[in-house]
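A short write-up of the structure that comes next.
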Amino acid sequence: MGDSKVRTNTNANGNIIFIKVTFLFLVLSTFFKVSNGNLECPIDTPLSCSNKTVISDSCCFEYPGGIFLQTQFWDYQLEGDKAGPSNKFTLHGLWPDNCDGSYEQFCDSSLNINYKLDEMLGNNSNFHVPDVLPDLTITGPELLEKMSVYWKSNTGDDSSLWKHEYNKHGTCIKTMNPKCYGRWWEDSQSLSNSIKNTANDKGGLLKNRAVYDYFRISVELFEKLDTYKFLMEGGITPSIDKTYTRDEISSALKKHFQGHNVFFKCDSYGALNEIWYYHLINRGSVLSQDFTPIDSFRTYSNCPISKIYYYPKGYKRHNPTPPGKGRSSVGVIRIGGPNGDGSNGFVIRNGHWMTKGTPANFEVFKSTYGNYYIKSRSGYCKIVKNKDQEHLLCGGGNNVGSATQFELEEKHGYIGYGGKFDWYSNDYPRNSKQSVIYPGSGGKYTFKLKFTKTH
Ligand SMILES: *[C@@H]1O[C@H](CO)[C@@H](O)[C@H](O)[C@H]1NC(C)=O
Ligand SMILES: *[C@@H]1O[C@H](CO)[C@@H](O)[C@H](O)[C@H]1NC(C)=O
């Protein structure tokens, strides 16, 4: 349909008529597509991560983050309002993952929410102009009300979790970049110039609209994935002493996810506490909300095979803090060679690799919403980008606001970044030499970073 823009008619009169008809059609189809939230994307766009050739229109093809995870919590240990309704899982976020299972984070600080989100969403005029932008399917205040019921932070400060989710994950969704929203104006030639000028987005209208859409789409997808109900229909209900098997939980969820595996996690008591639903996106833009279920990329669940607890909300285990939670550890980071024995040196406090001298001490601790911060005496560690090449750097004025969130594989102490646990370097550091460490594999020396607690 979008191809009707191609005008090949050579007859002068006919051309005018043709253009007029095309123009009318374009205006109508623009609005038709817009009301579908589909902008101007070709109807035959392949599923994300499934294209055979390059699709360079980043507003119409989600890349590299073409996998969408809808993640949910079962925070049974929280009390009262913090835990959310007793018969609902709560929403954690909507995360774009790369096609290979790794992921990007904090992609564009110019889009960050650094204002009062409740105030912005509380007034529709901040992201909507009637008859100019597509109608709202739900008003800002209605959306906020749903979010405050279902989108709960374990700290009790829900809106700080919401902001974190948008800044960390929402800014990585390319098809929801405000610049894509400018297309609503580009093609709507009938709109007055004054309105088109708004396309410069001085008031942040489009930026706000993208924020509204991220939260709206997250909530709407969450509402379709009613985990509590899925489990209940499989005979799985919260209980203080009853336990369930991995297979029972897996098949109850699968049944409602078009036969695809759903990933679930347990806490250190072996109690169910998190669910991840994986999707690809169809019809180009996330705005189409055409999510297609796929099997979870994680095949290993940390839940016990047979004795999984599913505690009712408000239930308190005897020991109120699960082991290891909220505490930081101090230790050293060794370079694990092919045999992972750490004989090849260590990380020094600026984040470089050395083989001679003494390893630096690093503090590794959980960030509020999952993942880990790593800090040396020089400051927080961060993955910085230099001429498209990312590398590890600790200190150098990195504060917590710009610190990278790393992963920690607890069993071996391996440190990961963006879902990958390989690191590499091109030079072996002899004597007093330091070498730069890059995330991923592909250089001359590929290794693991292994964190070992010293106290
Ligand atoms: C799919 O599209 C992306 C984005 O344009 C591109 O980078 C990637 O190489 C494409 N995949 C194939 C197999 O062509
Ligand atoms: C909503 O925002 C608009 C413009 O941003 C402002 O003019 C209006 O007064 C606000 N309404 C309320 C009720 O705050």
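Scheme for the structure tokens: letters A, B, ... for chains in order shown; per-chain residue numbers from 1; ligand numbers from 1 in order shown.
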Which residues are near ligand 2 in this structure, taking near to mean any atom at most 9 Å from a ligand atom and counting only C-alpha atoms and all ligand atoms? Format them as a PyMOL selection string.
chain A and resi 119-120+122-127+203
Output the selection as a PDB file, in the first residue's frame - N, CA and C atoms for each residue.
```pdb
ATOM      1  N   GLU A 119       3.595  13.359  36.507  1.00  0.00           N
ATOM      2  CA  GLU A 119       3.028  14.634  36.058  1.00  0.00           C
ATOM      3  C   GLU A 119       2.900  14.671  34.547  1.00  0.00           C
ATOM      4  N   MET A 120       3.911  14.141  33.858  1.00  0.00           N
ATOM      5  CA  MET A 120       3.855  14.149  32.395  1.00  0.00           C
ATOM      6  C   MET A 120       2.675  13.302  31.916  1.00  0.00           C
ATOM      7  N   GLY A 122       0.133  12.381  33.522  1.00  0.00           N
ATOM      8  CA  GLY A 122      -1.131  12.796  34.137  1.00  0.00           C
ATOM      9  C   GLY A 122      -1.894  13.833  33.314  1.00  0.00           C
ATOM     10  N   ASN A 123      -1.258  14.405  32.305  1.00  0.00           N
ATOM     11  CA  ASN A 123      -1.912  15.435  31.498  1.00  0.00           C
ATOM     12  C   ASN A 123      -1.761  15.073  30.022  1.00  0.00           C
ATOM     13  N   ASN A 124      -2.878  14.661  29.411  1.00  0.00           N
ATOM     14  CA  ASN A 124      -2.845  14.189  28.017  1.00  0.00           C
ATOM     15  C   ASN A 124      -2.228  15.189  27.047  1.00  0.00           C
ATOM     16  N   SER A 125      -2.357  16.484  27.339  1.00  0.00           N
ATOM     17  CA  SER A 125      -1.837  17.464  26.364  1.00  0.00           C
ATOM     18  C   SER A 125      -0.334  17.414  26.241  1.00  0.00           C
ATOM     19  N   ASN A 126       0.333  16.750  27.160  1.00  0.00           N
ATOM     20  CA  ASN A 126       1.783  16.627  27.040  1.00  0.00           C
ATOM     21  C   ASN A 126       2.204  15.686  25.916  1.00  0.00           C
ATOM     22  N   PHE A 127       1.268  14.818  25.475  1.00  0.00           N
ATOM     23  CA  PHE A 127       1.649  13.864  24.417  1.00  0.00           C
ATOM     24  C   PHE A 127       0.538  13.664  23.387  1.00  0.00           C
ATOM     25  N   GLY A 203       8.188  21.292  22.136  1.00  0.00           N
ATOM     26  CA  GLY A 203       7.547  21.030  23.430  1.00  0.00           C
ATOM     27  C   GLY A 203       7.769  19.607  23.909  1.00  0.00           C
TER      28      GLY A 203
END
```
Which residues form the shell of 12 Å around ligand 1 when you count only C-alpha atoms and all ligand atoms, given as an NGL selection string?
:A and (45-66 or 98-99 or 174-175 or 284)
Just-selected residues, C-alpha atoms written as a PDB file, in the first residue's frame:
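As written to disk, selection.pdb reads:
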```pdb
ATOM      1  CA  THR A  45       7.807  -6.448   6.538  1.00  0.00           C
ATOM      2  CA  PRO A  46       9.284  -9.726   7.835  1.00  0.00           C
ATOM      3  CA  LEU A  47       9.258 -10.742  11.472  1.00  0.00           C
ATOM      4  CA  SER A  48      12.072  -9.172  13.474  1.00  0.00           C
ATOM      5  CA  CYS A  49      15.286 -11.226  13.431  1.00  0.00           C
ATOM      6  CA  SER A  50      13.947 -13.116  10.378  1.00  0.00           C
ATOM      7  CA  ASN A  51      14.908 -10.853   7.446  1.00  0.00           C
ATOM      8  CA  LYS A  52      16.826 -12.375   4.570  1.00  0.00           C
ATOM      9  CA  THR A  53      18.226  -9.049   3.411  1.00  0.00           C
ATOM     10  CA  VAL A  54      19.132  -5.746   5.029  1.00  0.00           C
ATOM     11  CA  ILE A  55      16.172  -3.586   5.992  1.00  0.00           C
ATOM     12  CA  SER A  56      17.664  -0.203   6.562  1.00  0.00           C
ATOM     13  CA  ASP A  57      14.552   1.692   7.673  1.00  0.00           C
ATOM     14  CA  SER A  58      15.086   1.671  11.417  1.00  0.00           C
ATOM     15  CA  CYS A  59      11.567   3.022  12.010  1.00  0.00           C
ATOM     16  CA  CYS A  60      10.062   0.007  10.281  1.00  0.00           C
ATOM     17  CA  PHE A  61      12.301  -2.839  11.356  1.00  0.00           C
ATOM     18  CA  GLU A  62      13.397  -3.430  14.914  1.00  0.00           C
ATOM     19  CA  TYR A  63      17.138  -4.098  14.915  1.00  0.00           C
ATOM     20  CA  PRO A  64      19.359  -5.144  16.635  1.00  0.00           C
ATOM     21  CA  GLY A  65      16.845  -5.560  19.492  1.00  0.00           C
ATOM     22  CA  GLY A  66      14.293  -7.673  17.630  1.00  0.00           C
ATOM     23  CA  ASN A  98      19.318  -8.729  20.288  1.00  0.00           C
ATOM     24  CA  CYS A  99      18.653 -11.550  17.853  1.00  0.00           C
ATOM     25  CA  LYS A 174      14.506   1.908  17.518  1.00  0.00           C
ATOM     26  CA  THR A 175      11.025   1.800  15.978  1.00  0.00           C
ATOM     27  CA  GLY A 284       7.870  -3.761  11.438  1.00  0.00           C
TER      28      GLY A 284
END
```
Show me, as a PDB file with N, CA and C atoms, in the first residue's frame, the residues that have an atom within 7 Å of segment 412-422 of chain A when counting only C-alpha atoms, minus same-chain residues fewer than 4 positions from it.
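This is the output file selection30.pdb:
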```
ATOM      1  N   GLY A 101      20.498 -13.005  21.455  1.00  0.00           N
ATOM      2  CA  GLY A 101      20.258 -13.198  22.882  1.00  0.00           C
ATOM      3  C   GLY A 101      21.014 -12.223  23.776  1.00  0.00           C
ATOM      4  N   SER A 102      21.961 -11.479  23.216  1.00  0.00           N
ATOM      5  CA  SER A 102      22.615 -10.447  24.022  1.00  0.00           C
ATOM      6  C   SER A 102      21.685  -9.228  24.036  1.00  0.00           C
ATOM      7  N   TYR A 103      22.069  -8.165  24.698  1.00  0.00           N
ATOM      8  CA  TYR A 103      21.191  -6.992  24.671  1.00  0.00           C
ATOM      9  C   TYR A 103      21.963  -5.686  24.870  1.00  0.00           C
ATOM     10  N   GLU A 104      21.340  -4.607  24.440  1.00  0.00           N
ATOM     11  CA  GLU A 104      21.890  -3.274  24.660  1.00  0.00           C
ATOM     12  C   GLU A 104      21.197  -2.665  25.870  1.00  0.00           C
ATOM     13  N   PHE A 406      26.392  -4.782  34.980  1.00  0.00           N
ATOM     14  CA  PHE A 406      26.996  -6.033  34.529  1.00  0.00           C
ATOM     15  C   PHE A 406      26.191  -7.214  35.050  1.00  0.00           C
ATOM     16  N   GLU A 407      26.514  -8.392  34.508  1.00  0.00           N
ATOM     17  CA  GLU A 407      25.897  -9.597  35.047  1.00  0.00           C
ATOM     18  C   GLU A 407      26.926 -10.377  35.832  1.00  0.00           C
ATOM     19  N   LEU A 408      26.447 -11.178  36.757  1.00  0.00           N
ATOM     20  CA  LEU A 408      27.360 -12.022  37.521  1.00  0.00           C
ATOM     21  C   LEU A 408      26.785 -13.422  37.538  1.00  0.00           C
ATOM     22  N   PRO A 439      34.518  -6.242  25.431  1.00  0.00           N
ATOM     23  CA  PRO A 439      33.468  -7.246  25.612  1.00  0.00           C
ATOM     24  C   PRO A 439      33.275  -8.064  24.336  1.00  0.00           C
ATOM     25  N   GLY A 440      32.983  -9.336  24.481  1.00  0.00           N
ATOM     26  CA  GLY A 440      32.730 -10.198  23.330  1.00  0.00           C
ATOM     27  C   GLY A 440      33.919 -11.083  23.029  1.00  0.00           C
ATOM     28  N   SER A 441      33.879 -11.741  21.884  1.00  0.00           N
ATOM     29  CA  SER A 441      35.005 -12.583  21.512  1.00  0.00           C
ATOM     30  C   SER A 441      35.462 -12.141  20.135  1.00  0.00           C
ATOM     31  N   THR A 446      40.766 -14.620  23.882  1.00  0.00           N
ATOM     32  CA  THR A 446      39.414 -14.579  24.428  1.00  0.00           C
ATOM     33  C   THR A 446      39.436 -15.248  25.798  1.00  0.00           C
ATOM     34  N   PHE A 447      38.757 -14.623  26.768  1.00  0.00           N
ATOM     35  CA  PHE A 447      38.804 -15.176  28.130  1.00  0.00           C
ATOM     36  C   PHE A 447      37.542 -14.812  28.905  1.00  0.00           C
ATOM     37  N   LYS A 448      37.471 -15.306  30.133  1.00  0.00           N
ATOM     38  CA  LYS A 448      36.390 -14.945  31.044  1.00  0.00           C
ATOM     39  C   LYS A 448      36.965 -14.012  32.106  1.00  0.00           C
ATOM     40  N   LEU A 449      36.109 -13.178  32.662  1.00  0.00           N
ATOM     41  CA  LEU A 449      36.517 -12.389  33.822  1.00  0.00           C
ATOM     42  C   LEU A 449      35.892 -13.062  35.036  1.00  0.00           C
ATOM     43  N   LYS A 450      36.753 -13.506  35.933  1.00  0.00           N
ATOM     44  CA  LYS A 450      36.257 -14.323  37.038  1.00  0.00           C
ATOM     45  C   LYS A 450      36.426 -13.570  38.354  1.00  0.00           C
ATOM     46  N   PHE A 451      35.298 -13.270  38.980  1.00  0.00           N
ATOM     47  CA  PHE A 451      35.331 -12.540  40.241  1.00  0.00           C
ATOM     48  C   PHE A 451      35.465 -13.536  41.399  1.00  0.00           C
ATOM     49  N   THR A 452      36.461 -13.316  42.250  1.00  0.00           N
ATOM     50  CA  THR A 452      36.651 -14.174  43.413  1.00  0.00           C
ATOM     51  C   THR A 452      36.614 -13.310  44.663  1.00  0.00           C
TER      52      THR A 452
END
```
Show me, as a tab-separated table, the residues of segment 84-120 of chain A having an atom within 12 Å of segment 361-374 of chain A, each with the closest atom pair and its distance in Å, using only C-alpha atoms.
```
residue	atom	partner	partner_atom	distance
A:His92	CA	A:Tyr369	CA	9.3
A:Gly93	CA	A:Tyr369	CA	10.7
A:Gln105	CA	A:Asn371	CA	11.6
```
Let's have the selection written as a PDB file, in the first residue's frame, with C-alpha atoms.
```pdb
ATOM      1  CA  HIS A  92       8.763  -5.766  35.546  1.00  0.00           C
ATOM      2  CA  GLY A  93       9.369  -4.437  32.038  1.00  0.00           C
ATOM      3  CA  GLN A 105      21.173  -0.981  27.587  1.00  0.00           C
TER       4      GLN A 105
END
```
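Candidate residues A:Lys254, A:Lys433, A:Lys207, A:Arg216 were compared for distance to Ser110 of chain A, and the nearest is A:Lys207, using only C-alpha atoms.
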Residue nearest Asn431 of chain A among A:Gln389, A:Thr237, A:Ser160, A:Thr355 (counting only C-alpha atoms)
A:Thr355
Give me, as a ChimeraX atom specification, all polymer residues having an atom no more than 10 Å from Asn344 of chain A, counting only C-alpha atoms and skipping those fewer than 5 positions away in the same chain.
/A:334-338,353-356,428-429,447
Would you output that residue set with C-alpha atoms, as a short mmCIF file (atom, residue, chain, number, x, y, z; two decimals), in the first residue's frame?
```
data_model
loop_
_atom_site.label_atom_id
_atom_site.label_comp_id
_atom_site.auth_asym_id
_atom_site.auth_seq_id
_atom_site.Cartn_x
_atom_site.Cartn_y
_atom_site.Cartn_z
CA ARG A 334 41.11 -12.70 37.38
CA ILE A 335 41.56 -13.38 33.70
CA GLY A 336 40.34 -16.93 33.18
CA GLY A 337 42.25 -18.57 30.36
CA PRO A 338 40.82 -21.35 28.25
CA TRP A 353 44.56 -6.35 32.10
CA MET A 354 47.98 -6.97 33.67
CA THR A 355 49.97 -10.09 34.46
CA LYS A 356 52.52 -8.63 36.84
CA TYR A 428 49.20 -10.10 25.92
CA PRO A 429 50.44 -7.76 28.67
CA PHE A 447 38.80 -15.18 28.13
#
```
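Summary of the local environment: counting only C-alpha atoms, residues at most 10 Å from Ser239 of chain A, other than itself and those fewer than 5 positions away along its chain, are Tyr309, Tyr310, Tyr311, Pro312, Lys313 and Tyr315 of chain A.
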Which of segment 31-278 of chain A fall in strand (DSSP E), as an MDAnalysis selection string
chainID A and resid 67:73 90:97 239:244 263:266 272:278
Export of prior selection with C-alpha atoms as a PDB file, in the first residue's frame:
```pdb
ATOM      1  CA  ILE A  67      13.368  -9.975  20.522  1.00  0.00           C
ATOM      2  CA  PHE A  68      10.922  -8.672  23.107  1.00  0.00           C
ATOM      3  CA  LEU A  69      10.752  -9.966  26.633  1.00  0.00           C
ATOM      4  CA  GLN A  70       7.746  -9.255  28.781  1.00  0.00           C
ATOM      5  CA  THR A  71       9.016  -9.861  32.291  1.00  0.00           C
ATOM      6  CA  GLN A  72       6.947 -10.296  35.438  1.00  0.00           C
ATOM      7  CA  PHE A  73       7.571 -10.635  39.165  1.00  0.00           C
ATOM      8  CA  THR A  90       3.364  -7.728  38.566  1.00  0.00           C
ATOM      9  CA  LEU A  91       5.000  -6.121  35.585  1.00  0.00           C
ATOM     10  CA  HIS A  92       8.763  -5.766  35.546  1.00  0.00           C
ATOM     11  CA  GLY A  93       9.369  -4.437  32.038  1.00  0.00           C
ATOM     12  CA  LEU A  94       9.395  -4.766  28.279  1.00  0.00           C
ATOM     13  CA  TRP A  95      12.939  -5.468  27.113  1.00  0.00           C
ATOM     14  CA  PRO A  96      14.394  -5.573  23.623  1.00  0.00           C
ATOM     15  CA  ASP A  97      17.041  -8.309  23.275  1.00  0.00           C
ATOM     16  CA  SER A 239       0.375 -22.366  48.927  1.00  0.00           C
ATOM     17  CA  ILE A 240       2.581 -22.305  52.003  1.00  0.00           C
ATOM     18  CA  ASP A 241       3.495 -25.981  51.871  1.00  0.00           C
ATOM     19  CA  LYS A 242       2.449 -27.401  48.529  1.00  0.00           C
ATOM     20  CA  THR A 243       5.198 -27.712  45.903  1.00  0.00           C
ATOM     21  CA  TYR A 244       5.147 -28.097  42.129  1.00  0.00           C
ATOM     22  CA  PHE A 263      11.270 -18.921  31.184  1.00  0.00           C
ATOM     23  CA  PHE A 264      10.816 -18.835  34.952  1.00  0.00           C
ATOM     24  CA  LYS A 265      13.142 -18.219  37.864  1.00  0.00           C
ATOM     25  CA  CYS A 266      13.162 -19.014  41.552  1.00  0.00           C
ATOM     26  CA  LEU A 272       8.881 -19.068  41.993  1.00  0.00           C
ATOM     27  CA  ASN A 273       9.487 -15.337  41.641  1.00  0.00           C
ATOM     28  CA  GLU A 274       9.999 -14.292  38.019  1.00  0.00           C
ATOM     29  CA  ILE A 275       8.609 -15.082  34.547  1.00  0.00           C
ATOM     30  CA  TRP A 276       9.931 -14.067  31.122  1.00  0.00           C
ATOM     31  CA  TYR A 277       7.859 -14.295  27.931  1.00  0.00           C
ATOM     32  CA  TYR A 278       9.835 -14.055  24.653  1.00  0.00           C
TER      33      TYR A 278
END
```
